[in-house]
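Shown below: entry_4.cif, with mmCIF, C-alpha atoms.
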data_model
loop_
_atom_site.group_PDB
_atom_site.id
_atom_site.type_symbol
_atom_site.label_atom_id
_atom_site.label_comp_id
_atom_site.auth_asym_id
_atom_site.auth_seq_id
_atom_site.Cartn_x
_atom_site.Cartn_y
_atom_site.Cartn_z
ATOM 1 C CA MET A 217 56.744 151.206 108.103
ATOM 2 C CA SER A 218 55.737 154.269 106.120
ATOM 3 C CA PRO A 219 53.079 153.886 103.401
ATOM 4 C CA PRO A 220 54.228 153.617 99.784
ATOM 5 C CA PRO A 221 54.466 156.900 97.855
ATOM 6 C CA SER A 222 51.291 158.107 96.186
ATOM 7 C CA LYS A 223 50.801 158.111 92.416
ATOM 8 C CA ASP A 224 47.821 160.460 92.648
ATOM 9 C CA MET A 225 48.556 163.367 90.299
ATOM 10 C CA ALA A 226 45.473 165.318 91.392
ATOM 11 C CA ALA A 227 46.586 165.118 95.028
ATOM 12 C CA PHE A 228 50.046 166.300 94.061
ATOM 13 C CA LYS A 229 48.640 169.289 92.176
ATOM 14 C CA GLU A 230 46.559 170.229 95.209
ATOM 15 C CA LEU A 231 49.707 170.080 97.387
ATOM 16 C CA LEU A 232 51.632 172.115 94.817
ATOM 17 C CA SER A 233 48.994 174.843 94.790
ATOM 18 C CA SER A 234 49.164 175.305 98.571
ATOM 19 C CA SER A 235 52.958 175.098 98.991
ATOM 20 C CA LYS A 236 54.958 178.181 99.978
ATOM 21 C CA HIS A 237 58.609 177.338 99.326
ATOM 22 C CA ILE A 238 59.267 174.880 96.501
ATOM 23 C CA ILE A 239 62.593 173.572 95.239
ATOM 24 C CA ALA A 240 63.430 171.102 92.478
ATOM 25 C CA VAL A 241 66.602 169.012 92.549
ATOM 26 C CA ALA A 242 67.448 167.778 89.050
ATOM 27 C CA GLY A 243 69.877 165.237 87.641
ATOM 28 C CA ALA A 244 70.826 163.642 84.339
ATOM 29 C CA GLY A 245 67.351 162.251 83.661
ATOM 30 C CA LEU A 246 66.074 165.782 83.105
ATOM 31 C CA SER A 247 68.279 166.146 80.017
ATOM 32 C CA ALA A 248 67.988 162.603 78.657
ATOM 33 C CA ALA A 249 65.313 163.552 76.112
ATOM 34 C CA SER A 250 67.587 166.321 74.834
ATOM 35 C CA GLY A 251 70.182 163.725 73.796
ATOM 36 C CA ILE A 252 72.670 164.393 76.614
ATOM 37 C CA PRO A 253 74.442 161.132 77.550
ATOM 38 C CA THR A 254 74.636 160.323 81.232
ATOM 39 C CA PHE A 255 78.111 160.785 82.703
ATOM 40 C CA ARG A 256 78.965 157.125 83.025
ATOM 41 C CA GLY A 257 77.587 156.320 79.589
ATOM 42 C CA SER A 258 79.340 159.077 77.667
ATOM 43 C CA GLY A 259 81.046 157.597 74.627
ATOM 44 C CA GLY A 260 82.318 154.065 74.169
ATOM 45 C CA LEU A 261 85.962 155.082 74.644
ATOM 46 C CA TRP A 262 85.319 156.432 78.120
ATOM 47 C CA ARG A 263 83.555 153.399 79.540
ATOM 48 C CA LYS A 264 86.915 151.780 80.299
ATOM 49 C CA TYR A 265 87.777 154.613 82.709
ATOM 50 C CA ASP A 266 86.197 155.103 86.121
ATOM 51 C CA ALA A 267 84.579 158.465 86.827
ATOM 52 C CA ILE A 268 87.366 159.761 89.059
ATOM 53 C CA SER A 269 89.954 159.097 86.340
ATOM 54 C CA LEU A 270 88.171 161.653 84.147
ATOM 55 C CA ALA A 271 86.583 164.081 86.596
ATOM 56 C CA SER A 272 89.172 165.105 89.158
ATOM 57 C CA TYR A 273 91.849 167.747 89.327
ATOM 58 C CA GLY A 274 94.456 165.022 89.777
ATOM 59 C CA ALA A 275 93.365 163.391 86.517
ATOM 60 C CA PHE A 276 93.557 166.741 84.754
ATOM 61 C CA LYS A 277 97.085 167.423 86.046
ATOM 62 C CA SER A 278 98.344 163.997 85.005
ATOM 63 C CA ASN A 279 96.619 163.837 81.600
ATOM 64 C CA PRO A 280 95.022 167.129 80.497
ATOM 65 C CA SER A 281 94.816 165.855 76.908
ATOM 66 C CA ARG A 282 92.543 162.953 77.835
ATOM 67 C CA VAL A 283 90.383 164.992 80.200
ATOM 68 C CA TRP A 284 89.940 167.799 77.680
ATOM 69 C CA GLN A 285 88.932 165.317 74.964
ATOM 70 C CA PHE A 286 86.278 163.870 77.250
ATOM 71 C CA TYR A 287 84.905 167.318 78.069
ATOM 72 C CA HIS A 288 85.147 168.474 74.473
ATOM 73 C CA TYR A 289 82.908 165.518 73.599
ATOM 74 C CA ARG A 290 80.462 166.625 76.306
ATOM 75 C CA ARG A 291 80.666 170.257 75.118
ATOM 76 C CA GLU A 292 79.735 169.236 71.579
ATOM 77 C CA LYS A 293 76.751 167.243 72.865
ATOM 78 C CA ALA A 294 75.591 170.227 74.926
ATOM 79 C CA LEU A 295 76.001 172.674 72.037
ATOM 80 C CA ALA A 296 73.953 170.437 69.731
ATOM 81 C CA ALA A 297 71.161 169.861 72.271
ATOM 82 C CA ASN A 298 67.994 171.843 72.908
ATOM 83 C CA PRO A 299 65.907 172.134 76.094
ATOM 84 C CA ASN A 300 63.093 169.593 76.221
ATOM 85 C CA ALA A 301 59.549 169.955 77.540
ATOM 86 C CA ALA A 302 60.630 169.307 81.146
ATOM 87 C CA HIS A 303 63.251 172.072 81.014
ATOM 88 C CA ILE A 304 60.665 174.455 79.571
ATOM 89 C CA ALA A 305 57.993 173.581 82.144
ATOM 90 C CA LEU A 306 60.419 174.133 85.047
ATOM 91 C CA ALA A 307 61.580 177.393 83.467
ATOM 92 C CA LYS A 308 57.990 178.630 83.138
ATOM 93 C CA PHE A 309 57.279 177.646 86.738
ATOM 94 C CA SER A 310 60.236 179.761 87.861
ATOM 95 C CA ILE A 311 58.588 182.882 86.398
ATOM 96 C CA GLU A 312 56.486 184.470 89.155
ATOM 97 C CA SER A 313 53.678 185.697 86.894
ATOM 98 C CA ILE A 314 53.192 182.152 85.535
ATOM 99 C CA ARG A 315 53.709 180.363 88.857
ATOM 100 C CA LYS A 316 51.068 182.509 90.586
ATOM 101 C CA GLN A 317 48.407 180.854 88.439
ATOM 102 C CA ILE A 318 49.451 177.427 89.759
ATOM 103 C CA ALA A 319 50.939 177.982 93.226
ATOM 104 C CA PRO A 320 49.843 181.525 94.155
ATOM 105 C CA ASP A 321 51.978 182.001 97.273
ATOM 106 C CA ALA A 322 55.045 179.953 96.377
ATOM 107 C CA THR A 323 58.678 180.740 95.709
ATOM 108 C CA PHE A 324 60.667 178.372 93.486
ATOM 109 C CA THR A 325 64.291 177.542 92.691
ATOM 110 C CA LEU A 326 65.663 174.794 90.455
ATOM 111 C CA ILE A 327 68.858 173.242 91.821
ATOM 112 C CA THR A 328 70.471 171.270 89.014
ATOM 113 C CA GLN A 329 73.413 168.889 89.095
ATOM 114 C CA ASN A 330 73.578 168.985 85.298
ATOM 115 C CA VAL A 331 76.419 170.852 83.592
ATOM 116 C CA ASP A 332 74.831 171.065 80.129
ATOM 117 C CA GLY A 333 73.365 174.542 80.636
ATOM 118 C CA LEU A 334 69.987 173.519 79.216
ATOM 119 C CA SER A 335 67.992 174.732 82.221
ATOM 120 C CA THR A 336 69.506 178.197 81.874
ATOM 121 C CA ARG A 337 68.836 178.205 78.130
ATOM 122 C CA ALA A 338 65.228 177.162 78.744
ATOM 123 C CA LEU A 339 64.794 180.052 81.154
ATOM 124 C CA GLU A 340 66.230 182.475 78.602
ATOM 125 C CA GLN A 341 63.846 181.145 75.944
ATOM 126 C CA VAL A 342 60.835 181.592 78.237
ATOM 127 C CA ARG A 343 61.907 185.091 79.281
ATOM 128 C CA ASN A 344 62.380 186.141 75.658
ATOM 129 C CA VAL A 345 58.707 185.625 74.831
ATOM 130 C CA LEU A 346 57.326 187.282 77.964
ATOM 131 C CA PRO A 347 56.246 190.916 78.130
ATOM 132 C CA VAL A 348 58.859 193.065 79.896
ATOM 133 C CA SER A 349 56.453 193.612 82.789
ATOM 134 C CA GLU A 350 56.379 189.848 83.470
ATOM 135 C CA SER A 351 60.139 189.191 83.305
ATOM 136 C CA GLN A 352 61.328 191.316 86.206
ATOM 137 C CA PRO A 353 64.249 190.098 88.386
ATOM 138 C CA PRO A 354 63.032 187.453 90.885
ATOM 139 C CA SER A 355 63.323 187.759 94.650
ATOM 140 C CA GLN A 356 65.482 184.606 94.837
ATOM 141 C CA PRO A 357 67.594 182.582 92.369
ATOM 142 C CA GLN A 358 65.592 180.805 89.679
ATOM 143 C CA THR A 359 68.266 178.281 88.667
ATOM 144 C CA LEU A 360 71.424 177.192 90.509
ATOM 145 C CA GLU A 361 73.902 175.076 88.521
ATOM 146 C CA MET A 362 75.692 173.564 91.495
ATOM 147 C CA HIS A 363 78.204 171.543 89.462
ATOM 148 C CA GLY A 364 79.136 174.366 87.090
ATOM 149 C CA ARG A 365 78.809 174.377 83.299
ATOM 150 C CA VAL A 366 80.641 172.320 80.710
ATOM 151 C CA LEU A 367 80.646 175.312 78.340
ATOM 152 C CA ASP A 368 82.569 177.428 80.849
ATOM 153 C CA VAL A 369 86.348 177.575 80.524
ATOM 154 C CA LEU A 370 88.170 178.145 83.812
ATOM 155 C CA CYS A 371 91.795 179.138 84.347
ATOM 156 C CA SER A 372 93.679 176.394 86.224
ATOM 157 C CA SER A 373 95.996 178.918 87.867
ATOM 158 C CA GLU A 374 94.929 179.614 91.462
ATOM 159 C CA GLY A 375 96.302 183.136 91.165
ATOM 160 C CA CYS A 376 93.960 183.927 88.275
ATOM 161 C CA GLY A 377 90.765 181.846 88.331
ATOM 162 C CA HIS A 378 89.279 183.651 85.319
ATOM 163 C CA CYS A 379 86.136 181.927 84.043
ATOM 164 C CA GLU A 380 84.172 182.625 80.878
ATOM 165 C CA LEU A 381 81.401 181.067 78.841
ATOM 166 C CA VAL A 382 82.837 179.815 75.529
ATOM 167 C CA LEU A 383 80.320 178.742 72.893
ATOM 168 C CA SER A 384 82.788 178.180 70.037
ATOM 169 C CA SER A 385 83.004 174.740 68.467
ATOM 170 C CA PRO A 386 85.584 173.360 68.864
ATOM 171 C CA VAL A 387 86.801 175.114 71.980
ATOM 172 C CA CYS A 388 90.295 174.986 70.433
ATOM 173 C CA ALA A 389 91.562 173.776 67.056
ATOM 174 C CA ALA A 390 93.454 170.755 68.404
ATOM 175 C CA LEU A 391 90.292 169.234 69.867
ATOM 176 C CA GLY A 392 88.311 169.524 66.628
ATOM 177 C CA GLY A 393 87.115 166.125 65.429
ATOM 178 C CA THR A 394 88.163 164.213 68.548
ATOM 179 C CA GLU A 395 84.498 163.852 69.526
ATOM 180 C CA GLN A 396 84.096 161.517 66.540
ATOM 181 C CA LEU A 397 86.914 159.344 67.851
ATOM 182 C CA VAL A 398 85.119 159.154 71.175
ATOM 183 C CA GLU A 399 81.951 157.974 69.438
ATOM 184 C CA GLN A 400 83.921 155.335 67.542
ATOM 185 C CA GLY A 401 85.774 154.165 70.670
ATOM 186 C CA VAL A 402 89.197 154.336 69.035
ATOM 187 C CA ILE A 403 92.483 155.237 70.715
ATOM 188 C CA GLU A 404 92.616 158.897 71.656
ATOM 189 C CA PRO A 405 95.308 161.155 70.173
ATOM 190 C CA ILE A 406 97.848 162.760 72.491
ATOM 191 C CA ILE A 407 97.447 166.533 72.289
ATOM 192 C CA ASP A 408 100.307 168.732 73.416
ATOM 193 C CA GLU A 409 99.432 170.846 76.450
ATOM 194 C CA ALA A 410 100.390 174.003 74.547
ATOM 195 C CA ASP A 411 97.579 173.271 72.060
ATOM 196 C CA LEU A 412 94.864 172.814 74.687
ATOM 197 C CA PRO A 413 92.559 175.681 75.750
ATOM 198 C CA ARG A 414 94.355 178.563 77.450
ATOM 199 C CA CYS A 415 93.123 181.275 79.789
ATOM 200 C CA THR A 416 92.355 184.415 77.781
ATOM 201 C CA LYS A 417 93.403 186.578 80.712
ATOM 202 C CA CYS A 418 96.767 185.160 81.839
ATOM 203 C CA GLY A 419 97.616 182.506 79.220
ATOM 204 C CA ALA A 420 97.809 179.589 81.662
ATOM 205 C CA LEU A 421 96.337 176.161 80.865
ATOM 206 C CA ALA A 422 92.551 176.295 81.189
ATOM 207 C CA ARG A 423 90.247 173.557 82.449
ATOM 208 C CA PRO A 424 86.547 172.806 82.003
ATOM 209 C CA GLY A 425 84.410 174.960 84.297
ATOM 210 C CA VAL A 426 82.745 172.067 86.081
ATOM 211 C CA VAL A 427 82.944 170.864 89.672
ATOM 212 C CA TRP A 428 85.086 167.752 89.902
ATOM 213 C CA PHE A 429 85.152 164.992 92.493
ATOM 214 C CA GLY A 430 86.807 166.325 95.628
ATOM 215 C CA GLU A 431 85.771 169.923 94.884
ATOM 216 C CA GLU A 432 83.000 171.826 96.651
ATOM 217 C CA PRO A 433 79.791 172.361 94.690
ATOM 218 C CA GLN A 434 78.796 175.933 93.965
ATOM 219 C CA TYR A 435 76.184 177.985 95.867
ATOM 220 C CA LEU A 436 76.093 175.664 98.906
ATOM 221 C CA PRO A 437 75.185 178.368 101.487
ATOM 222 C CA ILE A 438 72.278 179.548 99.309
ATOM 223 C CA ILE A 439 71.142 175.979 98.614
ATOM 224 C CA ASP A 440 71.272 175.019 102.295
ATOM 225 C CA GLU A 441 69.049 177.982 103.138
ATOM 226 C CA LEU A 442 66.554 177.080 100.392
ATOM 227 C CA VAL A 443 66.446 173.446 101.561
ATOM 228 C CA ASP A 444 65.839 174.552 105.164
ATOM 229 C CA GLN A 445 62.891 176.693 104.034
ATOM 230 C CA ALA A 446 61.359 174.261 101.538
ATOM 231 C CA ASP A 447 57.993 172.677 102.232
ATOM 232 C CA LEU A 448 57.989 170.814 98.888
ATOM 233 C CA CYS A 449 60.913 169.237 97.048
ATOM 234 C CA LEU A 450 60.646 167.857 93.518
ATOM 235 C CA VAL A 451 63.346 165.275 92.770
ATOM 236 C CA VAL A 452 63.662 165.170 88.988
ATOM 237 C CA GLY A 453 65.664 162.686 86.942
ATOM 238 C CA THR A 454 68.204 161.722 89.577
ATOM 239 C CA SER A 455 68.938 158.464 91.374
ATOM 240 C CA SER A 456 69.996 160.439 94.488
ATOM 241 C CA THR A 457 73.453 158.895 94.774
ATOM 242 C CA VAL A 458 75.690 161.980 94.483
ATOM 243 C CA TYR A 459 76.018 164.072 97.620
ATOM 244 C CA PRO A 460 75.194 166.635 98.838
ATOM 245 C CA ALA A 461 72.291 166.816 96.349
ATOM 246 C CA ALA A 462 71.166 163.297 97.302
ATOM 247 C CA SER A 463 70.424 164.495 100.824
ATOM 248 C CA TYR A 464 68.177 167.445 99.977
ATOM 249 C CA GLY A 465 64.913 165.529 99.684
ATOM 250 C CA THR A 466 65.562 163.744 102.977
ATOM 251 C CA ALA A 467 66.352 167.060 104.663
ATOM 252 C CA VAL A 468 63.087 168.598 103.448
ATOM 253 C CA ARG A 469 61.091 165.624 104.687
ATOM 254 C CA ARG A 470 62.907 165.664 108.033
ATOM 255 C CA HIS A 471 61.577 169.120 108.844
ATOM 256 C CA GLY A 472 58.029 168.278 107.767
ATOM 257 C CA GLY A 473 58.087 169.063 104.055
ATOM 258 C CA LYS A 474 56.865 166.823 101.246
ATOM 259 C CA VAL A 475 58.901 165.128 98.505
ATOM 260 C CA ALA A 476 57.745 164.170 95.013
ATOM 261 C CA VAL A 477 60.016 162.041 92.823
ATOM 262 C CA PHE A 478 59.897 162.127 89.019
ATOM 263 C CA ASN A 479 62.084 159.423 87.472
ATOM 264 C CA LEU A 480 62.109 157.050 84.537
ATOM 265 C CA GLU A 481 62.447 154.056 86.876
ATOM 266 C CA ARG A 482 62.714 153.208 90.560
ATOM 267 C CA SER A 483 65.766 154.543 92.379
ATOM 268 C CA ASN A 484 67.396 154.687 95.811
ATOM 269 C CA GLY A 485 65.285 156.327 98.467
ATOM 270 C CA ASP A 486 62.130 156.927 96.445
ATOM 271 C CA GLN A 487 60.227 154.610 98.791
ATOM 272 C CA LYS A 488 60.577 157.357 101.412
ATOM 273 C CA SER A 489 58.998 160.004 99.151
ATOM 274 C CA ASP A 490 55.405 161.195 99.433
ATOM 275 C CA PHE A 491 54.734 161.021 95.694
ATOM 276 C CA LEU A 492 56.352 158.937 92.955
ATOM 277 C CA PHE A 493 55.709 159.457 89.257
ATOM 278 C CA LEU A 494 57.525 157.081 86.926
ATOM 279 C CA GLY A 495 58.004 157.897 83.259
ATOM 280 C CA PRO A 496 59.957 160.278 81.044
ATOM 281 C CA CYS A 497 60.446 163.643 82.782
ATOM 282 C CA GLU A 498 59.495 165.473 79.608
ATOM 283 C CA GLU A 499 56.014 163.988 80.038
ATOM 284 C CA THR A 500 55.513 163.829 83.812
ATOM 285 C CA ILE A 501 56.878 167.276 84.742
ATOM 286 C CA PRO A 502 54.706 169.332 82.331
ATOM 287 C CA GLU A 503 51.652 167.372 83.478
ATOM 288 C CA ALA A 504 52.467 167.823 87.169
ATOM 289 C CA LEU A 505 53.078 171.551 86.849
ATOM 290 C CA GLY A 506 50.135 172.094 84.509
ATOM 291 C CA LEU A 507 52.483 173.577 81.928
#
This entry written out as structure tokens:
Amino acid sequence: MSPPPSKDMAAFKELLSSSKHIIAVAGAGLSAASGIPTFRGSGGLWRKYDAISLASYGAFKSNPSRVWQFYHYRREKALAANPNAAHIALAKFSIESIRKQIAPDATFTLITQNVDGLSTRALEQVRNVLPVSESQPPSQPQTLEMHGRVLDVLCSSEGCGHCELVLSSPVCAALGGTEQLVEQGVIEPIIDEADLPRCTKCGALARPGVVWFGEEPQYLPIIDELVDQADLCLVVGTSSTVYPAASYGTAVRRHGGKVAVFNLERSNGDQKSDFLFLGPCEETIPEALGL
């Protein structure tokens, strides 16, 4: 039987400083302090539906009105949210000039399952206050949003596939105000398909730009290569139940790397980690990274 994971923050920082290839795998817990509801807890109305009934292409084809209302609700939450201290600390750590002071020889990429876009916004905020000489393009990706972004609007026509970031609120007039109905848990209105978001390029019905159940996550070849190289994996705010992301920590440990878990409470598989730090990510991550 392997020993229980360490809670020694000083020992973790020593490991961090000597690591060469670091990745972080983040889930919903990273954004909890920013007010982003977890998927299965989003809005009282949606708790009566299972996840697949709202997050699959089949669900979208059979009831685009319902699916768009759910994602409009999530869009509004994302637009109203701001990156928290954990997002900012990870963003700073992804900047080479800052990281060199903590882990002098390390590369770093954040692999996030979140679709709220807050990690990307945090990185933009950090870059905006850096001197130009310190914000040069990195040698490898800084953030990979493997499940897409809820603020992206993607054409549902296979022949088009146009995707664009849409920051308007609401994303279309017909969805305006429906997020309040979601909060109240009342019966959803039926919105005509013609009034739902359309592709700006070809005019076809558009869909949220997220990866649904049954679809392949984005950037998998790049992620697999980063996981193979990693000698340290930070698991941040995820219960490690959604694959393939749930397997990344195990894969790193299998080839001799170390795994540190940062979660609010105990979760599946954390007994097999080398370090375990329980508490809000917005407190534990800045402390661990010294940022």
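Restricting the calculation to only C-alpha atoms, the smallest distance between Phe276 of chain A and any of A:Val475, A:Met362, A:Leu412, A:Cys497 is found for A:Leu412.
Of the residues listed (A:Leu326, A:Leu270, A:Leu421, A:Ala462), A:Leu326 shows the shortest atom-to-atom separation from Leu360 of chain A; distances use all atoms listed in the file.
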Point-to-point distance from atom CA of Ser489 of chain A to atom CA of Lys474 of chain A, Å rounded to tenths: 7.4 Å
Residues returned when the PyMOL selection byres ((chain A and resi 296-310) around 6) runs on this file, as a VMD selection string: chain A and resid 250 293 to 295 311 315 324 334 to 335 338 to 339 358 497 to 498 501 to 502 507
Residue neighbourhood Ile327 of chain A, 6 Å, all atoms listed in the file, exclusion window fewer than 4 positions, as a PyMOL selection string: chain A and resi 240-241+359-360
For C-alpha atoms, I'd like the residues from the last selection saved as a short mmCIF file (atom, residue, chain, number, x, y, z; two decimals), keeping the file's coordinate frame.
data_model
loop_
_atom_site.label_atom_id
_atom_site.label_comp_id
_atom_site.auth_asym_id
_atom_site.auth_seq_id
_atom_site.Cartn_x
_atom_site.Cartn_y
_atom_site.Cartn_z
CA ALA A 240 63.43 171.10 92.48
CA VAL A 241 66.60 169.01 92.55
CA THR A 359 68.27 178.28 88.67
CA LEU A 360 71.42 177.19 90.51
#
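Distance check against Glu404 of chain A using all atoms listed in the file: of A:Thr416, A:Gln285, A:Thr336, A:Gln434, the minimum falls on A:Gln285.
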